[in-house]
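*Asks:* Structure: structure_23.cif, mmCIF, C-alpha atoms.
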data_data
loop_
_atom_site.group_PDB
_atom_site.id
_atom_site.type_symbol
_atom_site.label_atom_id
_atom_site.label_comp_id
_atom_site.auth_asym_id
_atom_site.auth_seq_id
_atom_site.Cartn_x
_atom_site.Cartn_y
_atom_site.Cartn_z
ATOM 1 C CA MET V 149 38.889 26.663 25.521
ATOM 2 C CA ALA V 150 35.797 27.304 27.611
ATOM 3 C CA LYS V 151 32.948 24.892 27.016
ATOM 4 C CA LEU V 152 29.352 24.848 28.118
ATOM 5 C CA HIS V 153 28.445 21.986 30.441
ATOM 6 C CA ASN V 154 25.159 21.204 32.148
ATOM 7 C CA THR V 155 23.508 19.277 34.934
ATOM 8 C CA LEU V 156 20.200 19.043 33.124
ATOM 9 C CA LYS V 157 19.783 15.301 33.537
ATOM 10 C CA ALA V 158 20.287 15.484 37.309
ATOM 11 C CA HIS V 159 17.873 18.407 37.687
ATOM 12 C CA ARG V 160 15.321 16.776 35.409
ATOM 13 C CA THR V 161 15.306 13.469 37.259
ATOM 14 C CA ASP V 162 15.237 15.266 40.633
ATOM 15 C CA LYS V 163 12.044 16.997 39.576
ATOM 16 C CA GLY V 164 10.543 13.757 38.271
ATOM 17 C CA PHE V 165 10.566 14.693 34.619
ATOM 18 C CA THR V 166 11.303 12.308 31.785
ATOM 19 C CA GLN V 167 12.946 13.700 28.666
ATOM 20 C CA ALA V 168 9.584 13.496 26.922
ATOM 21 C CA SER V 169 7.642 15.253 29.678
ATOM 22 C CA LEU V 170 10.220 18.039 29.977
ATOM 23 C CA ALA V 171 10.220 18.425 26.189
ATOM 24 C CA GLU V 172 6.443 18.747 26.250
ATOM 25 C CA ALA V 173 6.594 21.266 29.097
ATOM 26 C CA VAL V 174 8.952 23.565 27.190
ATOM 27 C CA GLY V 175 7.530 22.899 23.705
ATOM 28 C CA VAL V 176 10.420 21.158 21.990
ATOM 29 C CA SER V 177 11.128 17.622 20.776
ATOM 30 C CA ARG V 178 12.457 14.922 23.103
ATOM 31 C CA LYS V 179 15.536 14.770 20.901
ATOM 32 C CA SER V 180 16.314 18.400 21.704
ATOM 33 C CA ILE V 181 16.375 17.634 25.433
ATOM 34 C CA ASN V 182 18.448 14.524 24.809
ATOM 35 C CA THR V 183 21.009 16.400 22.710
ATOM 36 C CA ILE V 184 21.246 19.204 25.282
ATOM 37 C CA GLU V 185 21.958 16.639 28.003
ATOM 38 C CA ASN V 186 24.619 15.024 25.830
ATOM 39 C CA ARG V 187 26.097 18.436 24.937
ATOM 40 C CA VAL V 188 25.503 17.926 21.242
ATOM 41 C CA PHE V 189 23.250 20.953 21.079
ATOM 42 C CA THR V 190 23.637 24.294 22.839
ATOM 43 C CA PRO V 191 20.180 25.751 23.454
ATOM 44 C CA SER V 192 19.239 29.351 22.812
ATOM 45 C CA THR V 193 18.941 31.741 25.768
ATOM 46 C CA LEU V 194 15.166 31.541 25.438
ATOM 47 C CA LEU V 195 15.085 27.746 25.587
ATOM 48 C CA ALA V 196 17.601 27.660 28.463
ATOM 49 C CA LEU V 197 15.370 30.045 30.434
ATOM 50 C CA GLN V 198 12.263 27.994 29.627
ATOM 51 C CA ILE V 199 13.968 24.812 30.811
ATOM 52 C CA ALA V 200 15.123 26.501 34.027
ATOM 53 C CA ASP V 201 11.605 27.822 34.541
ATOM 54 C CA ALA V 202 10.083 24.365 34.067
ATOM 55 C CA LEU V 203 12.584 22.889 36.532
ATOM 56 C CA GLU V 204 12.024 25.770 38.977
ATOM 57 C CA CYS V 205 15.672 26.735 39.242
ATOM 58 C CA SER V 206 18.122 29.237 37.845
ATOM 59 C CA VAL V 207 19.788 28.834 34.455
ATOM 60 C CA HIS V 208 23.094 28.990 36.359
ATOM 61 C CA ASP V 209 22.083 25.895 38.320
ATOM 62 C CA ILE V 210 21.786 23.928 35.070
ATOM 63 C CA PHE V 211 24.348 25.463 32.723
ATOM 64 C CA TYR V 212 27.914 26.368 33.556
ATOM 65 C CA VAL V 213 31.150 27.106 31.744
ATOM 66 C CA LYS V 214 34.143 24.858 32.285
ATOM 67 C CA GLY V 215 37.702 25.278 31.068
ATOM 68 C CA ASP V 216 39.923 28.257 30.228
ATOM 69 C CA MET K 287 -0.042 12.129 16.305
ATOM 70 C CA ASN K 288 2.888 12.892 18.580
ATOM 71 C CA VAL K 289 6.075 14.901 18.013
ATOM 72 C CA GLU K 290 8.233 11.809 17.400
ATOM 73 C CA THR K 291 5.906 10.475 14.712
ATOM 74 C CA LEU K 292 5.789 13.842 13.000
ATOM 75 C CA SER K 293 9.601 13.998 13.031
ATOM 76 C CA LYS K 294 9.794 10.490 11.548
ATOM 77 C CA ILE K 295 7.291 11.376 8.797
ATOM 78 C CA ARG K 296 9.385 14.447 7.955
ATOM 79 C CA LEU K 297 12.573 12.375 7.856
ATOM 80 C CA PHE K 298 10.903 9.741 5.663
ATOM 81 C CA GLY K 299 9.496 12.390 3.321
ATOM 82 C CA PHE K 300 12.862 14.101 2.953
ATOM 83 C CA ALA K 301 14.603 10.759 2.403
ATOM 84 C CA VAL K 302 12.193 9.564 -0.303
ATOM 85 C CA ALA K 303 12.187 12.878 -2.179
ATOM 86 C CA GLY K 304 15.969 13.156 -1.812
ATOM 87 C CA LEU K 305 16.591 9.622 -3.065
ATOM 88 C CA VAL K 306 14.287 10.089 -6.063
ATOM 89 C CA CYS K 307 16.118 13.311 -7.003
ATOM 90 C CA ALA K 308 19.553 11.769 -6.441
ATOM 91 C CA GLY K 309 18.516 8.669 -8.400
ATOM 92 C CA TYR K 310 17.326 10.831 -11.275
ATOM 93 C CA SER K 311 20.580 12.790 -11.250
ATOM 94 C CA LEU K 312 22.738 9.663 -11.331
ATOM 95 C CA ALA K 313 20.550 7.961 -13.937
ATOM 96 C CA ALA K 314 20.717 11.048 -16.165
ATOM 97 C CA LEU K 315 24.482 11.053 -15.853
ATOM 98 C CA ALA K 316 24.833 7.315 -16.434
ATOM 99 C CA SER K 317 22.609 7.303 -19.517
ATOM 100 C CA ASN K 318 23.729 10.757 -20.741
ATOM 101 C CA SER K 319 20.069 11.617 -21.186
ATOM 102 C CA PRO K 320 18.096 14.471 -19.607
ATOM 103 C CA ASP K 321 15.103 12.185 -19.061
ATOM 104 C CA PRO K 322 16.348 8.755 -17.937
ATOM 105 C CA PHE K 323 12.910 8.047 -16.421
ATOM 106 C CA ALA K 324 9.674 9.954 -15.931
ATOM 107 C CA PRO K 325 10.904 13.576 -15.706
ATOM 108 C CA TRP K 326 7.951 14.615 -13.546
ATOM 109 C CA LEU K 327 8.884 12.138 -10.794
ATOM 110 C CA PRO K 328 11.421 14.302 -8.861
ATOM 111 C CA ALA K 329 9.023 17.261 -8.761
ATOM 112 C CA VAL K 330 6.050 15.102 -7.798
ATOM 113 C CA SER K 331 8.045 13.331 -5.060
ATOM 114 C CA GLY K 332 9.058 16.703 -3.606
ATOM 115 C CA VAL K 333 5.541 18.114 -3.715
ATOM 116 C CA ALA K 334 4.099 14.877 -2.295
ATOM 117 C CA ALA K 335 6.620 14.891 0.566
ATOM 118 C CA ALA K 336 5.810 18.530 1.328
ATOM 119 C CA ALA K 337 2.074 17.799 1.246
ATOM 120 C CA ILE K 338 2.371 14.763 3.532
ATOM 121 C CA ILE K 339 4.516 16.689 6.030
ATOM 122 C CA TRP K 340 2.165 19.667 5.924
ATOM 123 C CA VAL K 341 -0.964 17.544 6.457
ATOM 124 C CA SER K 342 0.759 15.612 9.255
ATOM 125 C CA ALA K 343 1.767 18.850 10.995
ATOM 126 C CA LEU K 344 -1.754 20.200 10.577
ATOM 127 C CA SER K 345 -3.326 17.070 12.075
ATOM 128 C CA ALA K 346 -0.825 17.037 14.968
ATOM 129 C CA GLY K 347 -1.821 20.552 16.032
ATOM 130 C CA ASP K 348 0.132 23.757 16.518
ATOM 131 C CA SER K 349 1.965 22.891 19.750
ATOM 132 C CA LYS K 350 3.202 19.500 18.514
ATOM 133 C CA ALA K 351 4.119 20.882 15.106
ATOM 134 C CA ASP K 352 6.070 23.694 16.791
ATOM 135 C CA ALA K 353 7.877 21.144 18.969
ATOM 136 C CA ALA K 354 8.759 18.978 15.951
ATOM 137 C CA PHE K 355 10.049 22.027 14.069
ATOM 138 C CA ASP K 356 11.881 23.451 17.096
ATOM 139 C CA GLU K 357 15.242 25.223 17.228
ATOM 140 C CA PHE K 358 17.224 21.976 17.086
ATOM 141 C CA TYR K 359 15.455 21.085 13.827
ATOM 142 C CA ARG K 360 16.201 24.570 12.469
ATOM 143 C CA ILE K 361 19.899 24.222 13.367
ATOM 144 C CA GLU K 362 20.116 20.847 11.619
ATOM 145 C CA TRP K 363 18.244 22.162 8.575
ATOM 146 C CA ARG K 364 20.589 25.173 8.428
ATOM 147 C CA LYS K 365 23.589 22.812 8.470
ATOM 148 C CA ALA K 366 22.044 20.759 5.659
ATOM 149 C CA VAL K 367 21.338 23.851 3.550
ATOM 150 C CA GLY K 368 24.870 25.110 4.189
ATOM 151 C CA PHE K 369 26.282 21.841 2.907
ATOM 152 C CA ALA K 370 23.918 21.869 -0.080
ATOM 153 C CA TYR K 371 25.003 25.397 -1.017
ATOM 154 C CA TRP K 372 28.648 24.408 -1.371
ATOM 155 C CA PHE K 373 27.716 21.107 -2.999
ATOM 156 C CA ALA K 374 25.688 22.948 -5.658
ATOM 157 C CA ILE K 375 28.573 25.337 -6.319
ATOM 158 C CA LEU K 376 30.991 22.406 -6.594
ATOM 159 C CA LEU K 377 28.784 20.846 -9.290
ATOM 160 C CA TYR K 378 29.582 23.702 -11.690
ATOM 161 C CA PRO K 379 33.317 23.037 -12.122
ATOM 162 C CA ILE K 380 32.717 19.286 -12.141
ATOM 163 C CA PHE K 381 30.112 19.496 -14.898
ATOM 164 C CA ALA K 382 32.156 22.122 -16.755
ATOM 165 C CA VAL K 383 34.965 19.574 -17.034
ATOM 166 C CA LEU K 384 32.570 16.778 -18.041
ATOM 167 C CA MET K 385 31.013 18.979 -20.718
ATOM 168 C CA ALA K 386 34.390 20.255 -21.942
ATOM 169 C CA LEU K 387 35.502 16.663 -22.405
ATOM 170 C CA GLY K 388 32.314 15.950 -24.326
ATOM 171 C CA TRP K 389 31.189 13.282 -21.899
ATOM 172 C CA VAL K 390 27.964 15.021 -20.923
ATOM 173 C CA SER K 391 25.589 17.094 -23.065
ATOM 174 C CA SER K 392 24.268 20.391 -21.742
ATOM 175 C CA PRO K 393 20.615 19.159 -21.417
ATOM 176 C CA THR K 394 21.883 16.184 -19.388
ATOM 177 C CA ALA K 395 24.044 18.454 -17.237
ATOM 178 C CA PHE K 396 21.045 20.714 -16.607
ATOM 179 C CA ALA K 397 18.867 17.771 -15.543
ATOM 180 C CA SER K 398 21.553 16.088 -13.469
ATOM 181 C CA MET K 399 22.764 19.231 -11.704
ATOM 182 C CA GLY K 400 19.245 20.435 -10.982
ATOM 183 C CA THR K 401 18.096 17.225 -9.371
ATOM 184 C CA ALA K 402 21.404 16.748 -7.512
ATOM 185 C CA SER K 403 21.072 20.260 -6.095
ATOM 186 C CA GLY K 404 17.528 19.440 -5.007
ATOM 187 C CA ALA K 405 18.548 16.162 -3.397
ATOM 188 C CA ALA K 406 21.518 17.598 -1.484
ATOM 189 C CA PRO K 407 19.766 19.466 1.367
ATOM 190 C CA LEU K 408 17.182 16.696 1.815
ATOM 191 C CA LEU K 409 19.701 13.870 2.070
ATOM 192 C CA ALA K 410 22.149 15.987 4.084
ATOM 193 C CA PHE K 411 19.388 16.681 6.604
ATOM 194 C CA CYS K 412 18.607 12.952 6.887
ATOM 195 C CA PHE K 413 22.290 12.173 7.394
ATOM 196 C CA ILE K 414 22.755 14.898 10.020
ATOM 197 C CA THR K 415 19.565 13.906 11.853
ATOM 198 C CA LEU K 416 20.384 10.206 11.931
ATOM 199 C CA ARG K 417 23.872 10.960 13.254
ATOM 200 C CA SER K 418 22.764 13.288 16.070
#
Show the structure stored in the file as structure tokens.
*Replies:*
Amino acid sequence: MAKLHNTLKAHRTDKGFTQASLAEAVGVSRKSINTIENRVFTPSTLLALQIADALECSVHDIFYVKGD
Amino acid sequence: MNVETLSKIRLFGFAVAGLVCAGYSLAALASNSPDPFAPWLPAVSGVAAAAIIWVSALSAGDSKADAAFDEFYRIEWRKAVGFAYWFAILLYPIFAVLMALGWVSSPTAFASMGTASGAAPLLAFCFITLRS
């Protein structure tokens, strides 16, 4: 079964963001960022785009599908 | 006030109101009385929790309140309400049996089921949030 994976943590640290500062930049709680990184929570399209925008990259750079 | 503090206040408010309602429900059942202790307490605890959360959100400002009540919160709340829906439905057959056996009077069942139904989404949310 195909599952959504992400490289959010790597992109976030590359850009010098902490979870809290990225959360503030996109207007969500730090826990939301943490749970996205740990794949507990799948963000909406809107939030995924906002995160990509804040990290100045494409959504496809952060989120990808793995598996069948 | 920051987003984390606001989230903690919300969790605390839900937990207190939920525990008061659950306590009332269990006490009503245990004593077979519709008013095992002050019957206004569950309602007041719920209103007080709502007021504290509302004032906290207001003092934190729109952007922080929006962040605290973001889509992850809404997903967790939806899960809690979904659980509470089925829990409330399950109470009917359980209390029907208890009443049919004569173990619980209908005023007690009304009080116990009502407060248990009120407690369910609040405590379920706390459980889901603390686990995630």
*Asks:* May I ask which of the residues K:Leu292, K:Ala334, K:Ala301, K:Ala346 is the closest one to Phe413 in chain K, counting only C-alpha atoms?
*Replies:*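 Of K:Leu292, K:Ala334, K:Ala301, K:Ala346, the one nearest Phe413 in chain K is K:Ala301, counting only C-alpha atoms.
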*Asks:* As a PyMOL selection string, please: the residues near range 310-314 of chain K (cut-off 7 Å, all atoms listed in the file, same-chain neighbours under 2 positions excluded).
*Replies:* chain K and resi 306-308+316-322+394+397-399+401-402
*Asks:* Translate the PyMOL selection byres ((chain K) within 6 of (chain V)) into a concrete residue list for this structure, as a VMD selection string.
*Replies:* chain K and resid 353 to 354 356 358
*Asks:* If you apply the PyMOL selection byres ((chain K and resi 295) around 12) to this file, what residues do you get, as a PyMOL selection string?
*Replies:* chain K and resi 287-294+296-302+335-343+346+351+354+412
*Asks:* Mind giving me the straight-line distance from CA of Gly164 in chain V to CA of His208 in chain V in Å, one decimal?
*Replies:*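 If I compute the distance from CA of Gly164 in chain V to CA of His208 in chain V, I get 19.8 Å.
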*Asks:* One decimal, Å: what's the distance from CA of Tyr212 in chain V over to CA of Arg360 in chain K, could you say?
*Replies:* 24.2 Å
*Asks:* Just the number, please: distance in Å from CA of Ile361 in chain K to CA of Leu305 in chain K, one decimal.
*Replies:*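 The value is 22.2 Å.
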*Asks:* On this structure, which residues satisfy the PyMOL selection byres ((chain V and resi 163) around 12), written as a ChimeraX atom specification?
*Replies:* /V:156-162,164-167,169-170,199-205
*Asks:* Could you list, as a list of chain:residue names, every residue within 8 Å of Ala370 in chain K, counting all atoms listed in the file and ignoring same-chain residues fewer than 6 positions away?
*Replies:* K:Ser403, K:Ala406, K:Pro407, K:Ala410
*Asks:* Adding 4 Å on each side of the box along x, y and z that holds all listed atoms of range 184-199 of chain V, could you give its centre and edge lengths in Å to one decimal, as lines of an AutoDock Vina configuration file?
*Replies:*
center_x = 19.2
center_y = 23.4
center_z = 25.9
size_x = 21.8
size_y = 24.7
size_z = 17.7
*Asks:* Using all atoms listed in the file, what residues lie at most 12 Å away from (30.9, 17.8, -18.5) (file coordinates), given as a PyMOL selection string?
*Replies:* chain K and resi 315+318+377-396+398-399
*Asks:* Within 7 Å of Asn154 in chain V, counting all atoms listed in the file, which residues show up once you throw out same-chain ones fewer than 4 positions away? Write them as a list in words, please.
*Replies:*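 The residues that qualify are Glu185, Ile210, Phe211 and Tyr212 of chain V.
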*Asks:* Of the residues V:Ala173, V:Leu197, V:Val207, V:Val213, which is the one nearest to Leu152 in chain V, using all atoms listed in the file?
*Replies:* V:Val213
*Asks:* Using the partial input, fill out range 328-354 of chain K with N, CA, C and O atoms; write the result as a PDB file, in the frame of the given file.
*Replies:*
ATOM      1  N   PRO K 328      10.777  13.545  -9.946  1.00  0.00           N
ATOM      2  CA  PRO K 328      11.421  14.302  -8.861  1.00  0.00           C
ATOM      3  C   PRO K 328      10.533  15.421  -8.309  1.00  0.00           C
ATOM      4  O   PRO K 328      10.431  15.585  -7.086  1.00  0.00           O
ATOM      5  N   ALA K 329       9.891  16.159  -9.217  1.00  0.00           N
ATOM      6  CA  ALA K 329       9.023  17.261  -8.761  1.00  0.00           C
ATOM      7  C   ALA K 329       7.836  16.732  -7.963  1.00  0.00           C
ATOM      8  O   ALA K 329       7.505  17.252  -6.890  1.00  0.00           O
ATOM      9  N   VAL K 330       7.220  15.662  -8.484  1.00  0.00           N
ATOM     10  CA  VAL K 330       6.050  15.102  -7.798  1.00  0.00           C
ATOM     11  C   VAL K 330       6.450  14.532  -6.429  1.00  0.00           C
ATOM     12  O   VAL K 330       5.716  14.701  -5.448  1.00  0.00           O
ATOM     13  N   SER K 331       7.623  13.893  -6.356  1.00  0.00           N
ATOM     14  CA  SER K 331       8.045  13.331  -5.060  1.00  0.00           C
ATOM     15  C   SER K 331       8.281  14.451  -4.041  1.00  0.00           C
ATOM     16  O   SER K 331       7.927  14.310  -2.858  1.00  0.00           O
ATOM     17  N   GLY K 332       8.841  15.571  -4.507  1.00  0.00           N
ATOM     18  CA  GLY K 332       9.058  16.703  -3.606  1.00  0.00           C
ATOM     19  C   GLY K 332       7.756  17.319  -3.132  1.00  0.00           C
ATOM     20  O   GLY K 332       7.575  17.578  -1.931  1.00  0.00           O
ATOM     21  N   VAL K 333       6.842  17.518  -4.067  1.00  0.00           N
ATOM     22  CA  VAL K 333       5.541  18.114  -3.715  1.00  0.00           C
ATOM     23  C   VAL K 333       4.754  17.163  -2.800  1.00  0.00           C
ATOM     24  O   VAL K 333       4.132  17.598  -1.824  1.00  0.00           O
ATOM     25  N   ALA K 334       4.812  15.864  -3.118  1.00  0.00           N
ATOM     26  CA  ALA K 334       4.099  14.877  -2.295  1.00  0.00           C
ATOM     27  C   ALA K 334       4.667  14.848  -0.871  1.00  0.00           C
ATOM     28  O   ALA K 334       3.907  14.801   0.110  1.00  0.00           O
ATOM     29  N   ALA K 335       5.995  14.887  -0.770  1.00  0.00           N
ATOM     30  CA  ALA K 335       6.620  14.891   0.566  1.00  0.00           C
ATOM     31  C   ALA K 335       6.195  16.132   1.343  1.00  0.00           C
ATOM     32  O   ALA K 335       5.831  16.045   2.527  1.00  0.00           O
ATOM     33  N   ALA K 336       6.215  17.282   0.665  1.00  0.00           N
ATOM     34  CA  ALA K 336       5.810  18.530   1.328  1.00  0.00           C
ATOM     35  C   ALA K 336       4.353  18.451   1.781  1.00  0.00           C
ATOM     36  O   ALA K 336       4.007  18.858   2.897  1.00  0.00           O
ATOM     37  N   ALA K 337       3.500  17.900   0.917  1.00  0.00           N
ATOM     38  CA  ALA K 337       2.074  17.799   1.246  1.00  0.00           C
ATOM     39  C   ALA K 337       1.847  16.864   2.435  1.00  0.00           C
ATOM     40  O   ALA K 337       1.070  17.177   3.343  1.00  0.00           O
ATOM     41  N   ILE K 338       2.538  15.736   2.429  1.00  0.00           N
ATOM     42  CA  ILE K 338       2.371  14.763   3.532  1.00  0.00           C
ATOM     43  C   ILE K 338       2.847  15.379   4.852  1.00  0.00           C
ATOM     44  O   ILE K 338       2.180  15.254   5.889  1.00  0.00           O
ATOM     45  N   ILE K 339       3.980  16.054   4.811  1.00  0.00           N
ATOM     46  CA  ILE K 339       4.516  16.689   6.030  1.00  0.00           C
ATOM     47  C   ILE K 339       3.569  17.793   6.507  1.00  0.00           C
ATOM     48  O   ILE K 339       3.278  17.903   7.709  1.00  0.00           O
ATOM     49  N   TRP K 340       3.064  18.559   5.570  1.00  0.00           N
ATOM     50  CA  TRP K 340       2.165  19.667   5.924  1.00  0.00           C
ATOM     51  C   TRP K 340       0.864  19.134   6.537  1.00  0.00           C
ATOM     52  O   TRP K 340       0.418  19.632   7.580  1.00  0.00           O
ATOM     53  N   VAL K 341       0.282  18.120   5.928  1.00  0.00           N
ATOM     54  CA  VAL K 341      -0.964  17.544   6.457  1.00  0.00           C
ATOM     55  C   VAL K 341      -0.717  16.907   7.826  1.00  0.00           C
ATOM     56  O   VAL K 341      -1.539  17.045   8.737  1.00  0.00           O
ATOM     57  N   SER K 342       0.423  16.234   7.967  1.00  0.00           N
ATOM     58  CA  SER K 342       0.759  15.612   9.255  1.00  0.00           C
ATOM     59  C   SER K 342       0.895  16.671  10.343  1.00  0.00           C
ATOM     60  O   SER K 342       0.400  16.498  11.463  1.00  0.00           O
ATOM     61  N   ALA K 343       1.580  17.767  10.019  1.00  0.00           N
ATOM     62  CA  ALA K 343       1.767  18.850  10.995  1.00  0.00           C
ATOM     63  C   ALA K 343       0.423  19.475  11.354  1.00  0.00           C
ATOM     64  O   ALA K 343       0.153  19.776  12.523  1.00  0.00           O
ATOM     65  N   LEU K 344      -0.428  19.608  10.351  1.00  0.00           N
ATOM     66  CA  LEU K 344      -1.754  20.200  10.577  1.00  0.00           C
ATOM     67  C   LEU K 344      -2.589  19.300  11.493  1.00  0.00           C
ATOM     68  O   LEU K 344      -3.250  19.783  12.423  1.00  0.00           O
ATOM     69  N   SER K 345      -2.529  17.996  11.260  1.00  0.00           N
ATOM     70  CA  SER K 345      -3.326  17.070  12.075  1.00  0.00           C
ATOM     71  C   SER K 345      -2.749  16.923  13.482  1.00  0.00           C
ATOM     72  O   SER K 345      -3.476  16.589  14.415  1.00  0.00           O
ATOM     73  N   ALA K 346      -1.438  17.149  13.632  1.00  0.00           N
ATOM     74  CA  ALA K 346      -0.825  17.037  14.968  1.00  0.00           C
ATOM     75  C   ALA K 346      -1.191  18.221  15.863  1.00  0.00           C
ATOM     76  O   ALA K 346      -1.195  18.100  17.081  1.00  0.00           O
ATOM     77  N   GLY K 347      -1.493  19.352  15.248  1.00  0.00           N
ATOM     78  CA  GLY K 347      -1.821  20.552  16.032  1.00  0.00           C
ATOM     79  C   GLY K 347      -0.619  21.473  16.164  1.00  0.00           C
ATOM     80  O   GLY K 347       0.526  21.046  15.994  1.00  0.00           O
ATOM     81  N   ASP K 348      -0.906  22.721  16.491  1.00  0.00           N
ATOM     82  CA  ASP K 348       0.132  23.757  16.518  1.00  0.00           C
ATOM     83  C   ASP K 348       1.264  23.454  17.502  1.00  0.00           C
ATOM     84  O   ASP K 348       2.443  23.580  17.164  1.00  0.00           O
ATOM     85  N   SER K 349       0.922  23.065  18.728  1.00  0.00           N
ATOM     86  CA  SER K 349       1.965  22.891  19.750  1.00  0.00           C
ATOM     87  C   SER K 349       2.913  21.748  19.395  1.00  0.00           C
ATOM     88  O   SER K 349       4.139  21.865  19.554  1.00  0.00           O
ATOM     89  N   LYS K 350       2.343  20.640  18.882  1.00  0.00           N
ATOM     90  CA  LYS K 350       3.202  19.500  18.514  1.00  0.00           C
ATOM     91  C   LYS K 350       4.009  19.799  17.248  1.00  0.00           C
ATOM     92  O   LYS K 350       5.169  19.392  17.135  1.00  0.00           O
ATOM     93  N   ALA K 351       3.384  20.505  16.328  1.00  0.00           N
ATOM     94  CA  ALA K 351       4.119  20.882  15.106  1.00  0.00           C
ATOM     95  C   ALA K 351       5.269  21.826  15.458  1.00  0.00           C
ATOM     96  O   ALA K 351       6.377  21.683  14.942  1.00  0.00           O
ATOM     97  N   ASP K 352       5.009  22.768  16.355  1.00  0.00           N
ATOM     98  CA  ASP K 352       6.070  23.694  16.791  1.00  0.00           C
ATOM     99  C   ASP K 352       7.212  22.935  17.468  1.00  0.00           C
ATOM    100  O   ASP K 352       8.389  23.256  17.286  1.00  0.00           O
ATOM    101  N   ALA K 353       6.851  21.929  18.270  1.00  0.00           N
ATOM    102  CA  ALA K 353       7.877  21.144  18.969  1.00  0.00           C
ATOM    103  C   ALA K 353       8.698  20.325  17.977  1.00  0.00           C
ATOM    104  O   ALA K 353       9.913  20.182  18.130  1.00  0.00           O
ATOM    105  N   ALA K 354       8.034  19.779  16.955  1.00  0.00           N
ATOM    106  CA  ALA K 354       8.759  18.978  15.951  1.00  0.00           C
ATOM    107  C   ALA K 354       9.672  19.860  15.096  1.00  0.00           C
ATOM    108  O   ALA K 354      10.720  19.418  14.649  1.00  0.00           O
TER     109      ALA K 354
END
